[in-house]
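upload.cif (mmCIF, C-alpha atoms) appears below.
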```cif
data_input
#
loop_
_atom_site.label_atom_id
_atom_site.label_comp_id
_atom_site.auth_asym_id
_atom_site.auth_seq_id
_atom_site.Cartn_x
_atom_site.Cartn_y
_atom_site.Cartn_z
CA MET A 20 19.12 -0.28 -4.67
CA THR A 21 16.36 1.18 -6.84
CA ASP A 22 15.18 4.79 -6.61
CA ASP A 23 11.99 3.65 -4.83
CA ASP A 24 14.04 1.71 -2.24
CA ALA A 25 16.29 4.73 -1.65
CA GLU A 26 13.27 7.02 -1.22
CA LEU A 27 11.64 4.59 1.24
CA ALA A 28 14.87 4.34 3.24
CA ALA A 29 15.14 8.14 3.38
CA ARG A 30 11.55 8.45 4.65
CA THR A 31 12.26 5.80 7.30
CA ARG A 32 15.33 7.66 8.53
CA ALA A 33 13.50 10.99 8.52
CA LYS A 34 10.88 9.46 10.83
CA ILE A 35 13.61 8.81 13.40
CA LEU A 36 14.67 12.47 13.38
CA GLU A 37 11.02 13.57 13.56
CA GLY A 38 10.54 11.19 16.51
CA PHE A 39 13.38 12.89 18.38
CA ASP A 40 11.97 16.33 17.59
CA ARG A 41 8.52 15.36 18.91
CA ALA A 42 10.04 13.79 22.04
CA GLU A 43 12.01 16.95 22.79
CA ARG A 44 9.00 19.21 22.21
CA ALA A 45 7.05 17.11 24.74
CA LEU A 46 9.69 18.06 27.35
CA PHE A 47 9.01 21.79 27.18
CA THR A 48 7.93 23.19 30.53
CA ARG A 49 6.61 26.38 28.89
CA PRO A 50 5.13 26.85 25.44
CA ALA A 51 7.46 28.21 22.76
CA PRO A 52 6.70 31.67 21.31
CA LYS A 53 3.81 31.49 18.84
CA THR A 54 3.53 34.84 17.03
CA PRO A 55 5.99 35.78 14.28
CA ARG A 56 7.08 38.89 16.19
CA THR A 57 7.86 37.03 19.44
CA GLN A 58 9.59 34.27 17.47
CA MET A 59 11.75 36.88 15.70
CA LYS A 60 12.59 38.56 19.00
CA PHE A 61 13.53 35.25 20.58
CA LEU A 62 15.68 34.20 17.64
CA ARG A 63 17.36 37.62 17.53
CA THR A 64 18.48 37.13 21.14
CA ARG A 65 19.88 33.69 20.17
CA GLU A 66 21.81 35.43 17.37
CA LYS A 67 23.24 37.93 19.91
CA GLY A 68 21.11 40.79 18.57
CA SER A 69 22.23 40.48 14.94
CA THR A 70 19.42 40.94 12.46
CA LYS A 71 21.84 40.17 9.63
CA SER A 72 22.68 36.68 10.91
CA LEU A 73 19.01 36.06 11.76
CA ALA A 74 18.02 36.99 8.21
CA ALA A 75 20.63 34.59 6.82
CA ARG A 76 19.43 31.85 9.17
CA LEU A 77 15.81 32.25 8.04
CA GLY A 78 16.64 32.80 4.37
CA VAL A 79 15.03 36.25 4.17
CA SER A 80 16.26 39.81 3.81
CA ARG A 81 17.37 41.93 6.74
CA LYS A 82 14.51 44.34 6.00
CA THR A 83 12.01 41.50 6.37
CA VAL A 84 13.36 40.68 9.82
CA GLN A 85 13.19 44.35 10.81
CA ARG A 86 9.57 44.64 9.60
CA TYR A 87 8.50 41.71 11.81
CA LEU A 88 10.46 43.00 14.80
CA SER A 89 8.84 46.44 14.51
CA GLY A 90 5.37 44.97 14.07
CA ALA A 91 4.93 46.39 10.54
CA SER A 92 4.48 42.83 9.20
CA SER A 93 2.61 40.08 11.01
CA LYS A 94 1.60 37.41 8.49
CA PRO A 95 4.57 35.46 7.11
CA ASN A 96 4.33 33.27 4.04
CA LYS A 97 4.24 29.49 4.57
CA ARG A 98 7.97 29.00 4.07
CA LEU A 99 8.93 31.72 6.54
CA GLN A 100 6.31 30.55 9.06
CA ALA A 101 7.70 26.99 8.90
CA ALA A 102 11.26 28.30 9.31
CA LEU A 103 10.25 30.42 12.32
CA VAL A 104 8.54 27.50 14.06
CA GLU A 105 11.39 25.08 13.33
CA GLU A 106 14.16 27.46 14.38
CA THR A 107 12.32 28.63 17.51
CA GLU A 108 11.58 25.10 18.70
CA SER A 109 15.13 23.96 17.95
CA GLU A 110 16.48 26.68 20.28
CA TRP A 111 13.75 26.64 22.94
CA GLN A 112 14.69 25.50 26.48
CA PRO A 113 18.15 24.03 25.79
CA GLN A 114 18.75 23.21 29.47
CA VAL A 115 15.58 21.10 29.69
CA ARG A 116 16.69 19.16 26.61
CA ALA A 117 20.22 18.72 27.94
CA GLN A 118 18.97 17.40 31.29
CA ALA A 119 16.64 14.90 29.59
CA ARG A 120 19.42 13.70 27.29
CA GLN A 121 21.82 13.34 30.22
CA ARG A 122 19.23 11.40 32.24
CA ALA A 123 18.48 9.10 29.28
CA ALA A 124 22.17 8.45 28.61
CA SER A 125 23.12 7.83 32.24
CA SER A 126 20.22 6.10 33.94
CA GLY A 127 16.82 6.33 32.29
CA GLY A 128 17.27 5.14 28.72
CA LEU A 129 14.66 5.78 26.06
CA VAL A 130 11.31 4.22 25.23
CA ILE A 131 10.88 3.61 21.51
CA SER A 132 7.51 2.66 20.03
CA CYS A 133 7.17 1.91 16.35
CA ARG A 134 5.37 0.03 13.63
CA ALA A 135 7.89 -1.29 11.14
CA TYR A 136 9.05 -4.33 9.20
CA PHE A 137 11.30 -6.57 11.27
CA GLY A 138 12.91 -9.59 9.68
CA LEU A 139 15.03 -12.08 11.56
CA GLY A 140 14.55 -15.52 10.07
CA PRO A 141 13.81 -17.42 6.89
CA GLU A 142 10.37 -17.32 5.26
CA GLY A 143 7.98 -19.98 6.52
CA THR A 144 9.18 -19.81 10.13
CA SER A 145 7.75 -17.95 13.09
CA ASP A 146 10.73 -15.57 12.83
CA ALA A 147 9.95 -14.60 9.22
CA GLY A 148 9.95 -10.91 8.49
CA ARG A 149 6.70 -9.05 9.02
CA VAL A 150 5.31 -5.72 10.15
CA ARG A 151 5.24 -5.52 13.94
CA ASP A 152 4.11 -3.00 16.55
CA ILE A 153 6.86 -2.80 19.14
CA THR A 154 7.33 -0.74 22.29
CA VAL A 155 10.65 -1.29 23.99
CA ALA A 156 12.72 0.33 26.72
CA VAL A 157 16.19 0.94 25.34
CA SER A 158 19.13 0.69 27.74
CA PRO A 159 21.04 3.81 28.81
CA SER A 160 24.12 2.62 26.88
CA HIS A 161 22.16 2.40 23.61
CA ALA A 162 20.40 5.69 24.43
CA ALA A 163 23.80 7.33 24.97
CA ALA A 164 25.02 6.05 21.59
CA ILE A 165 21.89 7.28 19.78
CA ILE A 166 21.99 10.69 21.47
CA ALA A 167 25.72 11.10 20.87
CA ALA A 168 25.28 10.22 17.20
CA GLN A 169 22.47 12.75 16.85
CA GLU A 170 24.42 15.51 18.63
CA GLU A 171 27.50 14.89 16.50
CA GLY A 172 25.42 15.35 13.36
CA ALA A 173 25.50 11.72 12.28
CA THR A 174 23.99 10.92 8.92
CA GLU A 175 20.42 9.70 8.90
CA SER A 176 21.76 6.27 7.90
CA ASP A 177 24.02 6.09 10.97
CA LEU A 178 21.17 7.19 13.23
CA HIS A 179 18.86 4.60 11.64
CA ASP A 180 21.46 1.89 12.27
CA ALA A 181 21.89 2.94 15.92
CA VAL A 182 18.13 2.85 16.56
CA ALA A 183 17.81 -0.50 14.75
CA GLU A 184 20.60 -1.98 16.86
CA ALA A 185 19.03 -0.69 20.08
CA ILE A 186 15.61 -2.16 19.24
CA ALA A 187 17.14 -5.45 18.09
CA ASP A 188 19.20 -5.81 21.25
CA ALA A 189 16.41 -4.88 23.66
CA TYR A 190 13.51 -6.70 22.00
CA PHE A 191 14.82 -9.58 19.91
CA ARG A 192 18.16 -10.42 21.51
CA GLN A 193 16.94 -9.56 25.00
CA GLY A 194 20.31 -8.17 26.00
CA GLY A 195 22.21 -11.08 24.44
CA GLY A 196 20.43 -13.83 26.39
CA GLY A 197 21.06 -16.80 24.08
CA ARG A 198 20.37 -14.93 20.83
CA ALA A 199 23.40 -12.62 20.79
CA GLY A 200 24.28 -13.23 17.13
CA LEU A 201 20.78 -12.71 15.77
CA GLU A 202 20.64 -10.43 12.71
CA VAL A 203 17.54 -8.22 12.59
CA LYS A 204 16.32 -6.22 9.58
CA PHE A 205 14.56 -2.94 10.45
CA ALA A 206 12.82 -1.18 7.55
CA ASP A 207 9.60 0.38 6.25
CA VAL A 208 8.87 2.38 9.40
CA GLU A 209 5.21 3.47 9.35
CA TRP A 210 5.48 5.50 12.57
CA LEU A 211 7.97 5.95 15.37
CA LYS A 212 7.68 7.61 18.78
CA ILE A 213 10.47 8.27 21.27
CA ARG A 214 10.05 9.17 24.93
CA PHE A 215 12.78 10.38 27.27
#
```

Could the structure of this file be written out as structure tokens, please?
Amino acid sequence: MTDDDAELAARTRAKILEGFDRAERALFTRPAPKTPRTQMKFLRTREKGSTKSLAARLGVSRKTVQRYLSGASSKPNKRLQAALVEETESEWQPQVRAQARQRAASSGGLVISCRAYFGLGPEGTSDAGRVRDITVAVSPSHAAAIIAAQEEGATESDLHDAVAEAIADAYFRQGGGGRAGLEVKFADVEWLKIRF
């Protein structure tokens, strides 16, 4: 695999993680804290009041955290602002996320929409590989596998393979109906959206 192929594969896998993040943010029943001070206060409560562990989590000094908490500072640099948004949204409304994941894994499944290269047959046939726009409802069993892999900290490659298998089974194999052994290539993802 060349360096360009490895970079393209990494971007494809990152789009899957970004798709999950966007899907979870869409579940929020209340907006997450927006100002640096309220974000710091929220994250401090998640760190059980420890400004030292919050500083380590954000990659800043303890004094910096204290300045934002007291209101002495209010305009973070780009790196700190990005870290505050990411960390706040990753901790915001954990029960809402857990309920949506449970529902998807037990009865609802996931809806995955994407534009990507899908290849399943030799060139010159109607099944030749090409870029396709696909929206498919993924079964609860595949949703459970994808969610479990994500929660267990699976590598991006493992997560990519789980999503590819779910799409292939639901869209191309149609649950195994006559095409159970069909091999499907899933690559070059231009965009990907996930809904719970």

Could you build a table of the residues in segment 152-195 of chain A lying no more than 8 Å from segment 127-134 of chain A, giving for each the nearest pair of atoms and their separation in Å rounded to one decimal place, using only C-alpha atoms, ordered by chain and ascending residue number, as a Markdown table?
```
| residue | atom | partner | partner_atom | distance |
| --- | --- | --- | --- | --- |
| A:Asp152 | CA | A:Arg134 | CA | 4.4 |
| A:Ile153 | CA | A:Cys133 | CA | 5.5 |
| A:Thr154 | CA | A:Ser132 | CA | 4.1 |
| A:Val155 | CA | A:Ile131 | CA | 5.5 |
| A:Ala156 | CA | A:Val130 | CA | 4.4 |
| A:Val157 | CA | A:Leu129 | CA | 5.1 |
| A:Ser158 | CA | A:Gly128 | CA | 4.9 |
| A:Pro159 | CA | A:Gly128 | CA | 4.0 |
| A:Ser160 | CA | A:Gly128 | CA | 7.5 |
| A:His161 | CA | A:Gly128 | CA | 7.6 |
| A:Ala162 | CA | A:Gly128 | CA | 5.3 |
| A:Ala163 | CA | A:Gly128 | CA | 7.8 |
| A:Ile186 | CA | A:Ile131 | CA | 7.8 |
```

Item to check | Residues matched by the PyMOL selection byres ((chain A and resi 56) around 10) as a ChimeraX atom specification | outcome: /A:52-55,57-62,84-94,103

Item to check | Residues matched by the PyMOL selection byres ((chain A and resi 111) around 9) as a list in words | outcome: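 That expression, the PyMOL selection byres ((chain A and resi 111) around 9), corresponds here to Arg44, Phe47, Pro50, Ala51, Pro52, Phe61, Glu106, Thr107, Glu108, Ser109, Glu110, Gln112, Pro113, Gln114, Val115 and Arg116 of chain A.
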
Write the residues of the selection above to a file with C-alpha atoms, as a compact mmCIF listing (two decimals), in the coordinates of the input.
```txt
# COMPACT_ATOMS: atom_id res chain seq x y z
CA ARG A 44 9.00 19.21 22.21
CA PHE A 47 9.01 21.79 27.18
CA PRO A 50 5.13 26.85 25.44
CA ALA A 51 7.46 28.21 22.76
CA PRO A 52 6.70 31.67 21.31
CA PHE A 61 13.53 35.25 20.58
CA GLU A 106 14.16 27.46 14.38
CA THR A 107 12.32 28.63 17.51
CA GLU A 108 11.58 25.10 18.70
CA SER A 109 15.13 23.96 17.95
CA GLU A 110 16.48 26.68 20.28
CA GLN A 112 14.69 25.50 26.48
CA PRO A 113 18.15 24.03 25.79
CA GLN A 114 18.75 23.21 29.47
CA VAL A 115 15.58 21.10 29.69
CA ARG A 116 16.69 19.16 26.61
```

Next on the checklist: With the PyMOL selection byres ((chain A and resi 204) around 7) as the selection, what would be picked from this file? Answer as a PyMOL selection string, please.
Outcome noted: chain A and resi 137-139+202-203+205-206

Checklist entry - Could you pull the residues within 12 Å of Gly78 of chain A, counting all atoms listed in the file, minus those fewer than 2 positions along the same chain, as a list in words? => result Thr70, Lys71, Ser72, Leu73, Ala74, Ala75, Arg76, Ser80, Arg81, Lys82, Thr83, Val84, Arg98, Leu99, Gln100, Ala101, Ala102, Leu103 and Glu106 of chain A

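Among the candidates A:Tyr136, A:Phe215, A:Phe39, A:Tyr190, the residue lying nearest to Arg149 of chain A is A:Tyr136 (atoms considered: all atoms listed in the file).
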
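Of note, atom CA of Ile35 of chain A and atom CA of Leu201 of chain A are spaced 22.8 Å apart.
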
Next on the checklist: For a test of reading the model, state the distance in Å between atom CA of Val150 of chain A and atom CA of Ala33 of chain A, rounded to one decimal.
Outcome noted: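 Taking atom CA of Val150 of chain A as the start and atom CA of Ala33 of chain A as the end point, the length is 18.7 Å.
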
Checklist entry - So how far away is atom CA of Glu184 of chain A from atom CA of Gly143 of chain A, in Å? => result 24.3 Å

Where atoms are lacking, segment 60-86 of chain A completed to N, CA, C and O atoms, as a CSV table (one decimal), in the coordinates of the input:
```
chain,number,residue,atom,x,y,z
A,60,LYS,N,11.9,38.0,17.9
A,60,LYS,CA,12.6,38.6,19.0
A,60,LYS,C,13.4,37.5,19.7
A,60,LYS,O,14.6,37.7,20.1
A,61,PHE,N,12.8,36.3,19.9
A,61,PHE,CA,13.5,35.2,20.6
A,61,PHE,C,14.8,34.8,19.8
A,61,PHE,O,15.9,34.7,20.3
A,62,LEU,N,14.6,34.6,18.5
A,62,LEU,CA,15.7,34.2,17.6
A,62,LEU,C,16.8,35.3,17.5
A,62,LEU,O,17.9,34.9,17.4
A,63,ARG,N,16.4,36.5,17.6
A,63,ARG,CA,17.4,37.6,17.5
A,63,ARG,C,18.2,37.5,18.8
A,63,ARG,O,19.5,37.7,18.7
A,64,THR,N,17.7,37.3,19.9
A,64,THR,CA,18.5,37.1,21.1
A,64,THR,C,19.4,36.0,21.0
A,64,THR,O,20.6,36.0,21.5
A,65,ARG,N,19.0,34.9,20.4
A,65,ARG,CA,19.9,33.7,20.2
A,65,ARG,C,21.0,34.0,19.2
A,65,ARG,O,22.1,33.4,19.2
A,66,GLU,N,20.8,35.0,18.3
A,66,GLU,CA,21.8,35.4,17.4
A,66,GLU,C,22.6,36.6,17.9
A,66,GLU,O,23.2,37.4,17.2
A,67,LYS,N,22.5,36.9,19.2
A,67,LYS,CA,23.2,37.9,19.9
A,67,LYS,C,22.9,39.3,19.3
A,67,LYS,O,23.7,40.2,19.2
A,68,GLY,N,21.6,39.5,19.0
A,68,GLY,CA,21.1,40.8,18.6
A,68,GLY,C,21.3,41.1,17.1
A,68,GLY,O,20.9,42.2,16.6
A,69,SER,N,21.9,40.2,16.3
A,69,SER,CA,22.2,40.5,14.9
A,69,SER,C,21.1,40.1,14.0
A,69,SER,O,20.7,39.0,13.9
A,70,THR,N,20.5,41.2,13.4
A,70,THR,CA,19.4,40.9,12.5
A,70,THR,C,20.0,40.4,11.1
A,70,THR,O,19.3,39.6,10.5
A,71,LYS,N,21.2,40.7,10.9
A,71,LYS,CA,21.8,40.2,9.6
A,71,LYS,C,22.0,38.7,9.7
A,71,LYS,O,21.6,37.9,8.8
A,72,SER,N,22.5,38.1,10.8
A,72,SER,CA,22.7,36.7,10.9
A,72,SER,C,21.3,36.0,11.0
A,72,SER,O,21.2,34.9,10.6
A,73,LEU,N,20.3,36.6,11.7
A,73,LEU,CA,19.0,36.1,11.8
A,73,LEU,C,18.4,36.0,10.4
A,73,LEU,O,17.8,35.0,10.0
A,74,ALA,N,18.5,37.0,9.6
A,74,ALA,CA,18.0,37.0,8.2
A,74,ALA,C,18.6,35.9,7.4
A,74,ALA,O,17.9,35.1,6.7
A,75,ALA,N,20.0,35.7,7.5
A,75,ALA,CA,20.6,34.6,6.8
A,75,ALA,C,20.1,33.2,7.3
A,75,ALA,O,19.9,32.3,6.5
A,76,ARG,N,19.9,33.1,8.6
A,76,ARG,CA,19.4,31.8,9.2
A,76,ARG,C,18.0,31.5,8.6
A,76,ARG,O,17.8,30.3,8.4
A,77,LEU,N,17.2,32.5,8.5
A,77,LEU,CA,15.8,32.2,8.0
A,77,LEU,C,15.7,32.3,6.5
A,77,LEU,O,14.6,31.9,6.0
A,78,GLY,N,16.7,32.7,5.8
A,78,GLY,CA,16.6,32.8,4.4
A,78,GLY,C,15.8,33.9,3.8
A,78,GLY,O,15.1,33.8,2.8
A,79,VAL,N,15.8,35.1,4.6
A,79,VAL,CA,15.0,36.2,4.2
A,79,VAL,C,16.0,37.4,4.2
A,79,VAL,O,17.1,37.4,4.6
A,80,SER,N,15.4,38.6,3.8
A,80,SER,CA,16.3,39.8,3.8
A,80,SER,C,16.3,40.4,5.2
A,80,SER,O,15.4,40.1,6.0
A,81,ARG,N,17.3,41.2,5.5
A,81,ARG,CA,17.4,41.9,6.7
A,81,ARG,C,16.2,42.8,7.0
A,81,ARG,O,15.7,43.0,8.1
A,82,LYS,N,15.7,43.5,5.9
A,82,LYS,CA,14.5,44.3,6.0
A,82,LYS,C,13.3,43.6,6.4
A,82,LYS,O,12.5,44.1,7.2
A,83,THR,N,13.1,42.3,6.0
A,83,THR,CA,12.0,41.5,6.4
A,83,THR,C,12.0,41.2,7.9
A,83,THR,O,11.0,41.4,8.6
A,84,VAL,N,13.2,40.9,8.4
A,84,VAL,CA,13.4,40.7,9.8
A,84,VAL,C,13.0,41.9,10.6
A,84,VAL,O,12.2,41.9,11.6
A,85,GLN,N,13.5,43.1,10.1
A,85,GLN,CA,13.2,44.4,10.8
A,85,GLN,C,11.7,44.7,10.8
A,85,GLN,O,11.2,45.2,11.8
A,86,ARG,N,11.0,44.4,9.7
A,86,ARG,CA,9.6,44.6,9.6
A,86,ARG,C,8.8,43.8,10.6
A,86,ARG,O,7.9,44.3,11.3
```
